[in-house]
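Below: protein_13.txt (compact mmCIF, C-alpha atoms)
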```txt
# COMPACT_ATOMS: atom_id res chain seq x y z
CA MET A 1 -16.77 -10.24 -8.95
CA SER A 2 -19.96 -11.77 -7.60
CA SER A 3 -19.97 -14.57 -10.19
CA ASN A 4 -16.56 -15.76 -8.89
CA LEU A 5 -17.85 -15.92 -5.32
CA GLU A 6 -21.09 -17.47 -6.52
CA THR A 7 -19.20 -20.20 -8.37
CA PHE A 8 -16.91 -20.68 -5.36
CA PHE A 9 -19.90 -21.01 -3.02
CA GLN A 10 -21.72 -23.42 -5.35
CA ASP A 11 -18.60 -25.58 -5.52
CA LEU A 12 -18.43 -25.71 -1.71
CA GLN A 13 -22.13 -26.55 -1.58
CA LYS A 14 -21.81 -29.36 -4.17
CA LYS A 15 -19.00 -30.89 -2.11
CA GLY A 16 -21.21 -30.89 0.99
CA ILE A 17 -19.02 -28.42 2.84
CA ILE A 18 -21.77 -25.83 3.42
CA ALA A 19 -24.67 -26.79 5.68
CA ASN A 20 -26.50 -23.49 6.27
CA VAL A 21 -26.22 -19.94 5.00
CA ALA A 22 -27.50 -16.49 5.83
CA ASN A 23 -27.19 -13.33 3.75
CA LEU A 24 -25.86 -15.19 0.73
CA GLU A 25 -26.29 -12.12 -1.50
CA ASN A 26 -23.98 -10.21 0.84
CA PHE A 27 -21.38 -12.95 0.44
CA TYR A 28 -21.61 -12.81 -3.35
CA HIS A 29 -20.92 -9.05 -3.32
CA LEU A 30 -18.03 -8.89 -0.87
CA LYS A 31 -15.42 -6.29 -1.71
CA PRO A 32 -11.79 -7.48 -1.66
CA GLU A 33 -11.11 -5.81 1.72
CA GLU A 34 -14.18 -7.54 3.20
CA LYS A 35 -13.05 -11.06 2.29
CA VAL A 36 -11.99 -12.31 5.73
CA ILE A 37 -12.73 -15.56 7.54
CA TYR A 38 -11.48 -16.93 10.83
CA LEU A 39 -10.86 -20.33 12.32
CA GLY A 40 -10.69 -20.72 16.09
CA ILE A 41 -8.17 -23.25 17.37
CA ASP A 42 -8.20 -24.51 20.96
CA CYS A 43 -4.78 -24.90 22.55
CA THR A 44 -5.66 -27.89 24.74
CA GLY A 45 -3.02 -30.23 23.34
CA GLU A 46 0.51 -29.86 22.06
CA ARG A 47 -0.20 -30.93 18.48
CA LEU A 48 -2.62 -30.45 15.67
CA HIS A 49 -4.47 -33.67 14.89
CA ILE A 50 -6.33 -35.25 12.00
CA GLY A 51 -9.54 -33.53 13.10
CA HIS A 52 -7.98 -30.18 12.20
CA LEU A 53 -7.12 -31.30 8.67
CA PHE A 54 -10.57 -30.83 7.09
CA LEU A 55 -10.83 -27.28 8.42
CA TYR A 56 -7.34 -26.36 7.19
CA PHE A 57 -8.19 -27.61 3.70
CA GLN A 58 -11.20 -25.31 3.73
CA THR A 59 -9.10 -22.32 4.82
CA ILE A 60 -6.78 -23.04 1.90
CA ARG A 61 -9.78 -22.92 -0.45
CA PHE A 62 -10.78 -19.52 0.93
CA ALA A 63 -7.21 -18.19 0.79
CA LYS A 64 -7.01 -19.27 -2.83
CA GLU A 65 -10.14 -17.15 -3.48
CA GLY A 66 -8.40 -14.09 -2.02
CA PHE A 67 -9.77 -14.26 1.53
CA VAL A 68 -7.60 -13.32 4.48
CA VAL A 69 -7.66 -16.25 6.92
CA LEU A 70 -7.36 -15.40 10.60
CA LEU A 71 -6.19 -18.40 12.59
CA VAL A 72 -7.23 -17.49 16.12
CA LEU A 73 -5.43 -19.47 18.82
CA GLY A 74 -7.47 -19.90 21.97
CA GLY A 75 -5.02 -18.47 24.49
CA ALA A 76 -7.98 -17.21 26.55
CA THR A 77 -10.78 -19.61 25.60
CA SER A 78 -8.62 -22.70 26.16
CA LYS A 79 -8.74 -21.84 29.88
CA ILE A 80 -12.50 -22.18 30.26
CA GLY A 81 -13.24 -25.73 29.20
CA ASP A 82 -15.23 -27.14 26.29
CA PRO A 83 -18.45 -25.29 25.44
CA SER A 84 -19.82 -28.14 23.27
CA ASP A 85 -22.63 -30.52 24.18
CA LYS A 86 -20.37 -33.17 25.65
CA ASP A 87 -21.38 -34.91 28.87
CA LYS A 88 -18.23 -33.80 30.67
CA GLU A 89 -16.19 -30.62 30.52
CA ARG A 90 -12.57 -31.03 29.64
CA PRO A 91 -10.19 -30.46 32.53
CA LEU A 92 -9.09 -26.87 33.07
CA LEU A 93 -5.44 -26.28 32.18
CA GLU A 94 -2.75 -24.21 33.84
CA GLU A 95 -1.83 -21.00 32.00
CA LYS A 96 1.78 -22.14 31.46
CA GLN A 97 0.57 -25.39 29.92
CA ILE A 98 -1.77 -23.51 27.56
CA GLU A 99 1.07 -21.14 26.56
CA ASN A 100 3.30 -24.15 25.86
CA TYR A 101 0.60 -25.84 23.73
CA GLN A 102 -0.07 -22.55 21.96
CA ALA A 103 3.60 -22.07 21.02
CA LYS A 104 3.80 -25.60 19.63
CA ILE A 105 0.56 -25.29 17.64
CA LYS A 106 1.61 -21.88 16.30
CA SER A 107 4.89 -23.38 15.10
CA GLN A 108 3.04 -26.21 13.36
CA LEU A 109 0.62 -23.79 11.69
CA GLU A 110 3.50 -21.64 10.45
CA ARG A 111 5.23 -24.68 8.95
CA ILE A 112 2.07 -26.03 7.33
CA LEU A 113 0.19 -22.94 6.18
CA ILE A 114 2.48 -19.94 6.18
CA LYS A 115 6.09 -20.74 5.32
CA SER A 116 6.52 -21.07 1.58
CA LYS A 117 6.91 -24.53 0.16
CA ARG A 118 9.86 -25.06 -2.15
CA ILE A 119 10.67 -28.13 -4.14
CA GLU A 120 14.41 -28.18 -4.63
CA LYS A 121 14.56 -31.36 -6.67
CA THR A 122 12.06 -34.16 -6.96
CA ASP A 123 13.52 -37.45 -5.84
CA PHE A 124 11.64 -40.58 -6.84
CA SER A 125 14.29 -42.97 -5.57
CA PRO A 126 12.49 -43.85 -2.27
CA LEU A 127 9.29 -44.62 -4.17
CA GLU A 128 11.16 -46.55 -6.83
CA GLN A 129 13.21 -48.43 -4.23
CA PHE A 130 10.16 -49.30 -2.13
CA TYR A 131 8.28 -50.71 -5.15
CA ARG A 132 11.23 -52.13 -7.10
CA ASP A 133 9.87 -55.68 -6.69
CA ASN A 134 6.50 -54.65 -8.05
CA PRO A 135 7.07 -52.61 -11.22
CA GLU A 136 3.42 -52.96 -12.22
CA LEU A 137 2.29 -51.24 -9.02
CA LEU A 138 4.93 -48.53 -9.48
CA ASN A 139 3.71 -47.93 -13.04
CA ASN A 140 0.13 -47.72 -11.75
CA ILE A 141 1.21 -45.13 -9.17
CA TYR A 142 2.87 -43.10 -11.91
CA ARG A 143 -0.25 -43.45 -14.06
CA VAL A 144 -2.53 -42.21 -11.24
CA LEU A 145 -0.17 -39.30 -10.63
CA LYS A 146 -0.06 -38.77 -14.42
CA ILE A 147 3.69 -39.17 -14.48
CA ASP A 148 4.14 -40.97 -17.76
CA SER A 149 7.72 -40.53 -18.90
CA GLU A 150 11.15 -39.91 -17.45
CA ASP A 151 11.61 -36.50 -19.11
CA LYS A 152 8.19 -35.24 -17.91
CA LYS A 153 8.46 -36.53 -14.33
CA GLU A 154 9.75 -33.31 -12.80
CA LYS A 155 7.10 -31.05 -14.38
CA GLN A 156 4.21 -33.43 -13.77
CA TRP A 157 5.19 -34.00 -10.14
CA GLU A 158 5.34 -30.24 -9.55
CA ASP A 159 1.87 -29.92 -11.12
CA TYR A 160 0.58 -32.62 -8.77
CA LEU A 161 2.07 -30.87 -5.73
CA LYS A 162 0.50 -27.59 -6.85
CA TYR A 163 -2.84 -29.38 -7.00
CA ILE A 164 -2.61 -30.61 -3.42
CA TRP A 165 -1.01 -27.35 -2.21
CA PRO A 166 -2.41 -24.63 -4.50
CA LEU A 167 -1.02 -21.56 -2.77
CA LYS A 168 2.17 -20.14 -4.22
CA GLU A 169 2.57 -17.61 -1.42
CA ASN A 170 0.90 -17.93 1.93
CA THR A 171 0.38 -14.25 2.63
CA ASN A 172 -3.33 -14.75 3.28
CA PHE A 173 -2.88 -16.38 6.71
CA LEU A 174 -2.50 -14.49 9.99
CA ILE A 175 -2.08 -16.15 13.38
CA LEU A 176 -3.69 -14.29 16.27
CA ASN A 177 -4.32 -15.07 19.93
CA ASN A 178 -7.74 -14.39 21.46
CA LYS A 179 -5.96 -13.67 24.74
CA ASP A 180 -4.59 -10.51 23.12
```
Can you dump the structure from the file as structure tokens?
Amino acid sequence: MSSNLETFFQDLQKKGIIANVANLENFYHLKPEEKVIYLGIDCTGERLHIGHLFLYFQTIRFAKEGFVVLLVLGGATSKIGDPSDKDKERPLLEEKQIENYQAKIKSQLERILIKSKRIEKTDFSPLEQFYRDNPELLNNIYRVLKIDSEDKKEKQWEDYLKYIWPLKENTNFLILNNKD
């Protein structure tokens, strides 16, 4: 058990994702029911943005390792302004506005991280149509994606999508509200 978490941690460290640690031995010996992390999400806008992306990729890594990921929406903390070291506090928002933002962000999180992803049928026609005047570039795209023959396209494309979205079932994510 601990060697899996040790390898997982070392991989995160090699990728520069981990800056500081405390009680690393405790981490290595977590029992399955103790494997929980959380990510706090301010509800100060109606959409997730590119700044959220890095953190969501990390939560996917932890979920893949069997951690439960608590996505904690800031229904309460979004009311009090930004606690960071910025020169100015963000403007305080009305409760209705925060609730509206929270509902929209929750919906986005459910679509991205929780609802299962299904590939009905892979359709390469848009890609092939877009690059029809440049077959060399299209072949290079297929080579990079390791799609090398017509009969293997479907399987290889599914393998690629599994690589970028490794979770088969997204049962490891829970959305909570710190207002509750």
Response to the item:
re CA of Arg47 (chain A) and CA of Ile175 (chain A): distance 15.7 Å
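Take the candidates A:Leu138, A:Cys43, A:Ile112, A:Leu48 and check each one against Asn100 (chain A) using all atoms listed in the file; the shortest distance goes to A:Cys43.
CA of Ala63 (chain A) is found 15.8 Å from CA of Ile17 (chain A).
When all atoms listed in the file are used to compute distances to Leu70 (chain A), the closest of the residues A:Leu176, A:Leu24, A:Ile98, A:Leu55 turns out to be A:Leu176.
Reported to one decimal place, the separation of CA of Gln102 (chain A) from CA of Gly74 (chain A) is 7.9 Å.
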Near Glu34 (chain A), within 9 Å and counting all atoms listed in the file, which residues show up once chain neighbours fewer than 2 positions away are dropped, as a PDB file with C-alpha atoms, in the coordinates of the input?
```
ATOM      1  CA  LEU A  30     -18.030  -8.890  -0.870  1.00  0.00           C
ATOM      2  CA  LYS A  31     -15.420  -6.290  -1.710  1.00  0.00           C
ATOM      3  CA  PRO A  32     -11.790  -7.480  -1.660  1.00  0.00           C
ATOM      4  CA  VAL A  36     -11.990 -12.310   5.730  1.00  0.00           C
ATOM      5  CA  PHE A  67      -9.770 -14.260   1.530  1.00  0.00           C
ATOM      6  CA  VAL A  68      -7.600 -13.320   4.480  1.00  0.00           C
TER       7      VAL A  68
END
```
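The smallest atom-to-atom distance between Gln58 (chain A) and any of A:Glu94, A:Glu136, A:Glu128, A:Asp11, using only C-alpha atoms, is found for A:Asp11.
Of the residues listed (A:Val72, A:Ile80, A:Leu92, A:Leu39), A:Leu39 shows the shortest atom-to-atom separation from Phe57 (chain A); distances use only C-alpha atoms.
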Fill in: Sel. within 6 Å of pt (-7.7, -14.2, 26.8), counting all atoms listed in the file, output as a PyMOL selection string
chain A and resi 75-76+178-179
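Each of A:Gln10, A:Glu33, A:Leu113, A:Leu137 was checked against Ile60 (chain A) using all atoms listed in the file; the smallest atom-to-atom distance is that of A:Leu113.
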